[in-house]
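*Asks:* Could you have a look at this structure, given as structure tokens, before my questions?
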Amino acid sequence: MLSTAAAEQFLAVPLLAEVSRESRQALVDALEEGHAKAGATLIGQDKPNEQLSFLIGGTVAVTHDFPDSRRETVTTLSAPAVFGMPSFFLASPSLVSIRAVTNVHILTLSHPAHEALRRDHPRAAEALSIAVVRELADRFDVLVKRVSDHMAEHKGDAPRASEWSSFRAQLFEDGGT
């Protein structure tokens, strides 16, 4: 059960703006509340992810570790934010780590709670799925725009521009869109 303050914060997140009050309440009832200290690993790269997480307080870093021991920060997320979507819904190991930059306040949806939500409150589960797809689509659009802008700034680098065009074509061809 969530604290009243956590439930109110969750119900106010923009991700759920178009979700009915009844569906949002079903989501609240399915969530677990937690806290983690700065520096804590919330999701480990190459590890299974058993939960979808909603950050309602604090900041996390999304990082990727390379085989040569180099670590790259992909982005930082500040509340309100959601993370762990691909590895939660694909049931595959995470491609990144999520680490608390500050002390964080999170709400999590476990796989069993998600299955119960799908069974008992299908409209709430559908609303969550649509919200997650929108969030992923927004992130993908930002990625495409940033890379395209970078390529436009380096017009003289024809091999890289061609490489980016090939990558985008392959992504859409292999991605089934």
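The chains in the structure tokens are called A, B, ... from first to last as shown; in each chain the residues are counted from 1, and the ligands are counted from 1 in the order shown.
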Show me, as JSON lines, the residues of range 30-51 of chain A having an atom within 7 Å of range 96-101 of chain A, each with the closest atom pair and its distance in Å, using only C-alpha atoms.
*Replies:*
{"residue": "A:Lys37", "atom": "CA", "partner": "A:Ala100", "partner_atom": "CA", "distance": 6.8}
{"residue": "A:Ala38", "atom": "CA", "partner": "A:Ala100", "partner_atom": "CA", "distance": 4.9}
{"residue": "A:Gly39", "atom": "CA", "partner": "A:Ala100", "partner_atom": "CA", "distance": 5.1}
{"residue": "A:Ala40", "atom": "CA", "partner": "A:Ala100", "partner_atom": "CA", "distance": 5.4}
{"residue": "A:Thr41", "atom": "CA", "partner": "A:Arg99", "partner_atom": "CA", "distance": 4.4}
{"residue": "A:Leu42", "atom": "CA", "partner": "A:Ile98", "partner_atom": "CA", "distance": 5.4}
{"residue": "A:Ile43", "atom": "CA", "partner": "A:Ile98", "partner_atom": "CA", "distance": 4.9}
{"residue": "A:Gly44", "atom": "CA", "partner": "A:Ser97", "partner_atom": "CA", "distance": 4.5}
{"residue": "A:Gln45", "atom": "CA", "partner": "A:Ser97", "partner_atom": "CA", "distance": 4.5}
*Asks:* Taking only C-alpha atoms into account, produce a table as JSON lines in which each residue of range 67-172 of chain A with an atom at most 12 Å from an atom of range 8-14 of chain A appears once, together with its shortest atom pair and the distance in Å to one decimal, ordered by chain and rising number.
*Replies:*
{"residue": "A:Ala79", "atom": "CA", "partner": "A:Val13", "partner_atom": "CA", "distance": 9.0}
{"residue": "A:Pro80", "atom": "CA", "partner": "A:Val13", "partner_atom": "CA", "distance": 6.3}
{"residue": "A:Ala81", "atom": "CA", "partner": "A:Val13", "partner_atom": "CA", "distance": 8.1}
{"residue": "A:Val82", "atom": "CA", "partner": "A:Val13", "partner_atom": "CA", "distance": 9.8}
{"residue": "A:His105", "atom": "CA", "partner": "A:Gln9", "partner_atom": "CA", "distance": 10.6}
{"residue": "A:Ile106", "atom": "CA", "partner": "A:Phe10", "partner_atom": "CA", "distance": 9.6}
{"residue": "A:Leu107", "atom": "CA", "partner": "A:Phe10", "partner_atom": "CA", "distance": 8.2}
{"residue": "A:Thr108", "atom": "CA", "partner": "A:Phe10", "partner_atom": "CA", "distance": 10.9}
{"residue": "A:Ala131", "atom": "CA", "partner": "A:Pro14", "partner_atom": "CA", "distance": 9.6}
{"residue": "A:Val132", "atom": "CA", "partner": "A:Pro14", "partner_atom": "CA", "distance": 11.6}
{"residue": "A:Arg134", "atom": "CA", "partner": "A:Pro14", "partner_atom": "CA", "distance": 11.3}
{"residue": "A:Glu135", "atom": "CA", "partner": "A:Pro14", "partner_atom": "CA", "distance": 10.3}
*Asks:* Keeping only C-alpha atoms, write the selected residues as a CSV table (one decimal), in the first residue's frame.
*Replies:*
chain,number,residue,atom,x,y,z
A,79,ALA,CA,11.1,12.9,-11.1
A,80,PRO,CA,8.6,12.4,-12.4
A,81,ALA,CA,9.9,9.7,-14.8
A,82,VAL,CA,9.4,6.1,-15.6
A,105,HIS,CA,11.5,7.7,-4.0
A,106,ILE,CA,10.1,5.1,-6.4
A,107,LEU,CA,6.9,3.2,-7.0
A,108,THR,CA,7.3,-0.2,-8.7
A,131,ALA,CA,1.2,5.5,-21.7
A,132,VAL,CA,4.4,3.4,-21.9
A,134,ARG,CA,3.8,7.0,-25.9
A,135,GLU,CA,6.8,7.5,-23.5
*Asks:* If I take CA of Leu27 in chain A and CA of Ala113 in chain A, how far is one from the other in Å, to one decimal?
*Replies:*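 Going from CA of Leu27 in chain A over to CA of Ala113 in chain A covers 9.4 Å.
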*Asks:* Could you give me, as a PyMOL selection string, the residues within 10 Å of Val28 in chain A, counting only C-alpha atoms and dropping anything in the same chain fewer than 3 positions from it?
*Replies:* chain A and resi 1-2+6-8+10-11+22-25+31-33+107-109
*Asks:* Could you pull out all residues of range 49-145 of chain A with a DSSP call of strand (DSSP E or B) and give them as an mmCIF file with N, CA and C atoms, in the first residue's frame?
*Replies:*
data_model
loop_
_atom_site.group_PDB
_atom_site.id
_atom_site.type_symbol
_atom_site.label_atom_id
_atom_site.label_comp_id
_atom_site.auth_asym_id
_atom_site.auth_seq_id
_atom_site.Cartn_x
_atom_site.Cartn_y
_atom_site.Cartn_z
ATOM 1 N N GLN A 51 10.708 -5.318 -12.546
ATOM 2 C CA GLN A 51 9.729 -4.288 -12.213
ATOM 3 C C GLN A 51 9.799 -3.088 -13.148
ATOM 4 N N LEU A 52 8.651 -2.471 -13.310
ATOM 5 C CA LEU A 52 8.527 -1.195 -13.987
ATOM 6 C C LEU A 52 8.557 -0.151 -12.881
ATOM 7 N N SER A 53 9.381 0.862 -13.019
ATOM 8 C CA SER A 53 9.587 1.811 -11.928
ATOM 9 C C SER A 53 9.160 3.218 -12.310
ATOM 10 N N PHE A 54 8.484 3.850 -11.378
ATOM 11 C CA PHE A 54 8.048 5.238 -11.515
ATOM 12 C C PHE A 54 8.808 6.058 -10.489
ATOM 13 N N LEU A 55 9.627 6.954 -10.966
ATOM 14 C CA LEU A 55 10.430 7.819 -10.107
ATOM 15 C C LEU A 55 9.572 9.006 -9.707
ATOM 16 N N ILE A 56 9.273 9.125 -8.401
ATOM 17 C CA ILE A 56 8.452 10.251 -7.952
ATOM 18 C C ILE A 56 9.246 11.228 -7.097
ATOM 19 N N GLY A 57 10.500 10.902 -6.841
ATOM 20 C CA GLY A 57 11.375 11.816 -6.118
ATOM 21 C C GLY A 57 12.823 11.473 -6.386
ATOM 22 N N THR A 59 16.696 11.755 -8.582
ATOM 23 C CA THR A 59 17.291 11.671 -9.915
ATOM 24 C C THR A 59 18.054 10.363 -10.046
ATOM 25 N N VAL A 60 17.959 9.759 -11.237
ATOM 26 C CA VAL A 60 18.718 8.545 -11.539
ATOM 27 C C VAL A 60 19.559 8.778 -12.788
ATOM 28 N N ALA A 61 20.622 8.002 -12.910
ATOM 29 C CA ALA A 61 21.463 8.021 -14.111
ATOM 30 C C ALA A 61 21.260 6.706 -14.855
ATOM 31 N N VAL A 62 21.140 6.812 -16.161
ATOM 32 C CA VAL A 62 21.061 5.652 -17.037
ATOM 33 C C VAL A 62 22.450 5.507 -17.644
ATOM 34 N N THR A 63 23.116 4.396 -17.354
ATOM 35 C CA THR A 63 24.488 4.205 -17.821
ATOM 36 C C THR A 63 24.627 2.901 -18.590
ATOM 37 N N HIS A 64 25.663 2.870 -19.426
ATOM 38 C CA HIS A 64 26.004 1.655 -20.163
ATOM 39 C C HIS A 64 27.480 1.374 -19.934
ATOM 40 N N ASP A 65 27.791 0.150 -19.519
ATOM 41 C CA ASP A 65 29.170 -0.268 -19.313
ATOM 42 C C ASP A 65 29.641 -1.056 -20.524
ATOM 43 N N ARG A 71 32.488 3.416 -18.834
ATOM 44 C CA ARG A 71 31.069 3.636 -18.512
ATOM 45 C C ARG A 71 30.617 4.934 -19.169
ATOM 46 N N GLU A 72 29.503 4.862 -19.858
ATOM 47 C CA GLU A 72 28.938 6.035 -20.511
ATOM 48 C C GLU A 72 27.577 6.345 -19.893
ATOM 49 N N THR A 73 27.382 7.605 -19.529
ATOM 50 C CA THR A 73 26.066 8.023 -19.055
ATOM 51 C C THR A 73 25.214 8.327 -20.281
ATOM 52 N N VAL A 74 24.138 7.591 -20.424
ATOM 53 C CA VAL A 74 23.232 7.761 -21.552
ATOM 54 C C VAL A 74 22.363 8.990 -21.313
ATOM 55 N N THR A 75 21.815 9.091 -20.109
ATOM 56 C CA THR A 75 20.988 10.232 -19.732
ATOM 57 C C THR A 75 20.776 10.214 -18.229
ATOM 58 N N THR A 76 20.207 11.277 -17.731
ATOM 59 C CA THR A 76 19.724 11.299 -16.352
ATOM 60 C C THR A 76 18.231 11.579 -16.409
ATOM 61 N N LEU A 77 17.528 11.025 -15.458
ATOM 62 C CA LEU A 77 16.084 11.225 -15.354
ATOM 63 C C LEU A 77 15.784 11.796 -13.979
ATOM 64 N N SER A 78 14.979 12.829 -13.947
ATOM 65 C CA SER A 78 14.527 13.407 -12.689
ATOM 66 C C SER A 78 13.023 13.214 -12.583
ATOM 67 N N ALA A 81 9.369 10.469 -13.625
ATOM 68 C CA ALA A 81 9.876 9.730 -14.777
ATOM 69 C C ALA A 81 9.549 8.245 -14.587
ATOM 70 N N VAL A 82 9.622 7.517 -15.680
ATOM 71 C CA VAL A 82 9.424 6.074 -15.645
ATOM 72 C C VAL A 82 10.665 5.436 -16.258
ATOM 73 N N PHE A 83 11.078 4.297 -15.708
ATOM 74 C CA PHE A 83 12.224 3.595 -16.281
ATOM 75 C C PHE A 83 12.058 2.094 -16.129
ATOM 76 N N SER A 97 22.262 0.189 -16.956
ATOM 77 C CA SER A 97 22.074 0.206 -15.507
ATOM 78 C C SER A 97 21.355 1.488 -15.141
ATOM 79 N N ILE A 98 20.573 1.425 -14.092
ATOM 80 C CA ILE A 98 19.920 2.607 -13.545
ATOM 81 C C ILE A 98 20.435 2.753 -12.124
ATOM 82 N N ARG A 99 21.066 3.902 -11.861
ATOM 83 C CA ARG A 99 21.642 4.146 -10.539
ATOM 84 C C ARG A 99 21.078 5.438 -9.957
ATOM 85 N N ALA A 100 20.834 5.424 -8.666
ATOM 86 C CA ALA A 100 20.339 6.619 -7.988
ATOM 87 C C ALA A 100 21.464 7.639 -7.892
ATOM 88 N N VAL A 104 16.317 8.488 -3.763
ATOM 89 C CA VAL A 104 15.166 8.431 -4.645
ATOM 90 C C VAL A 104 13.955 7.816 -3.954
ATOM 91 N N HIS A 105 12.815 8.211 -4.452
ATOM 92 C CA HIS A 105 11.522 7.688 -4.012
ATOM 93 C C HIS A 105 10.896 7.085 -5.260
ATOM 94 N N ILE A 106 10.639 5.777 -5.235
ATOM 95 C CA ILE A 106 10.116 5.103 -6.425
ATOM 96 C C ILE A 106 8.879 4.276 -6.085
ATOM 97 N N LEU A 107 8.074 4.091 -7.104
ATOM 98 C CA LEU A 107 6.931 3.193 -7.038
ATOM 99 C C LEU A 107 7.189 2.130 -8.093
ATOM 100 N N THR A 108 6.955 0.873 -7.738
ATOM 101 C CA THR A 108 7.263 -0.205 -8.680
ATOM 102 C C THR A 108 6.055 -1.090 -8.928
ATOM 103 N N LEU A 109 6.009 -1.597 -10.140
ATOM 104 C CA LEU A 109 5.004 -2.564 -10.550
ATOM 105 C C LEU A 109 5.746 -3.849 -10.890
ATOM 106 N N SER A 110 5.504 -4.888 -10.124
ATOM 107 C CA SER A 110 6.167 -6.176 -10.357
ATOM 108 C C SER A 110 5.444 -6.946 -11.456
#
*Asks:* Using DSSP secondary structure from the backbone, list all helix (DSSP H, G or I) positions within chain A, as a PyMOL selection string.
*Replies:* chain A and resi 4-11+14-16+21-30+85-90+111-120+122-153+158-174
*Asks:* Find the residues around Ala26 in chain A up to 9 Å (only C-alpha atoms counted), leave out those fewer than 4 positions away in its own chain, and share them as a tab-separated table (two decimals) with all heavy atoms, in the first residue's frame.
*Replies:*
chain	number	residue	atom	x	y	z
A	21	ARG	N	-9.65	8.20	-13.94
A	21	ARG	CA	-9.41	8.16	-12.49
A	21	ARG	C	-9.50	6.73	-11.96
A	21	ARG	O	-8.68	6.30	-11.17
A	21	ARG	CB	-10.44	9.07	-11.79
A	21	ARG	CG	-10.37	9.05	-10.30
A	21	ARG	CD	-9.41	10.11	-9.81
A	21	ARG	NE	-9.43	10.15	-8.36
A	21	ARG	CZ	-8.34	10.25	-7.64
A	21	ARG	NH1	-7.17	10.34	-8.22
A	21	ARG	NH2	-8.40	10.26	-6.34
A	22	GLU	N	-10.48	5.96	-12.44
A	22	GLU	CA	-10.65	4.57	-12.01
A	22	GLU	C	-9.43	3.72	-12.37
A	22	GLU	O	-8.94	2.93	-11.56
A	22	GLU	CB	-11.91	3.99	-12.64
A	22	GLU	CG	-12.20	2.56	-12.25
A	22	GLU	CD	-13.46	2.04	-12.93
A	22	GLU	OE1	-14.51	2.68	-12.81
A	22	GLU	OE2	-13.35	0.99	-13.59
A	30	ALA	N	-1.85	-1.38	-7.38
A	30	ALA	CA	-0.93	-2.44	-7.81
A	30	ALA	C	0.54	-2.12	-7.50
A	30	ALA	O	1.40	-3.00	-7.60
A	30	ALA	CB	-1.09	-2.69	-9.30
A	117	LEU	N	-3.14	-7.03	-12.61
A	117	LEU	CA	-3.76	-5.83	-13.19
A	117	LEU	C	-4.40	-6.18	-14.54
A	117	LEU	O	-5.53	-5.79	-14.82
A	117	LEU	CB	-2.71	-4.73	-13.35
A	117	LEU	CG	-3.20	-3.36	-13.77
A	117	LEU	CD1	-4.04	-2.72	-12.66
A	117	LEU	CD2	-2.01	-2.46	-14.10
A	121	HIS	N	-8.15	-5.73	-13.98
A	121	HIS	CA	-8.43	-4.36	-14.44
A	121	HIS	C	-7.84	-4.16	-15.83
A	121	HIS	O	-6.89	-3.39	-16.02
A	121	HIS	CB	-7.84	-3.33	-13.47
A	121	HIS	CG	-8.33	-3.47	-12.07
A	121	HIS	ND1	-9.56	-3.01	-11.67
A	121	HIS	CD2	-7.77	-4.05	-10.97
A	121	HIS	CE1	-9.73	-3.28	-10.40
A	121	HIS	NE2	-8.67	-3.92	-9.95
A	124	ALA	N	-7.19	-0.61	-17.08
A	124	ALA	CA	-6.05	0.04	-16.44
A	124	ALA	C	-4.75	-0.48	-17.05
A	124	ALA	O	-3.82	0.30	-17.31
A	124	ALA	CB	-6.06	-0.20	-14.93
A	125	ALA	N	-4.67	-1.79	-17.28
A	125	ALA	CA	-3.47	-2.36	-17.90
A	125	ALA	C	-3.28	-1.82	-19.31
A	125	ALA	O	-2.15	-1.51	-19.72
A	125	ALA	CB	-3.56	-3.89	-17.92
*Asks:* Check the smallest atom-to-atom distance from each of A:Ala116, A:Ala169, A:Ala91, A:Leu143 to Asp29 in chain A using only C-alpha atoms, then report the winner.
*Replies:*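 Among the listed residues, A:Ala116 lies closest to Asp29 in chain A.
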*Asks:* Which value, in Å to one decimal, gives the distance between CA of Leu15 in chain A and CA of Leu128 in chain A?
*Replies:*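 Separation between CA of Leu15 in chain A and CA of Leu128 in chain A: 8.9 Å.
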*Asks:* Could you check which of A:Ser3, A:Ser69, A:Ser20, A:Ser87 is closest to Glu126 in chain A, using only C-alpha atoms?
*Replies:* A:Ser20
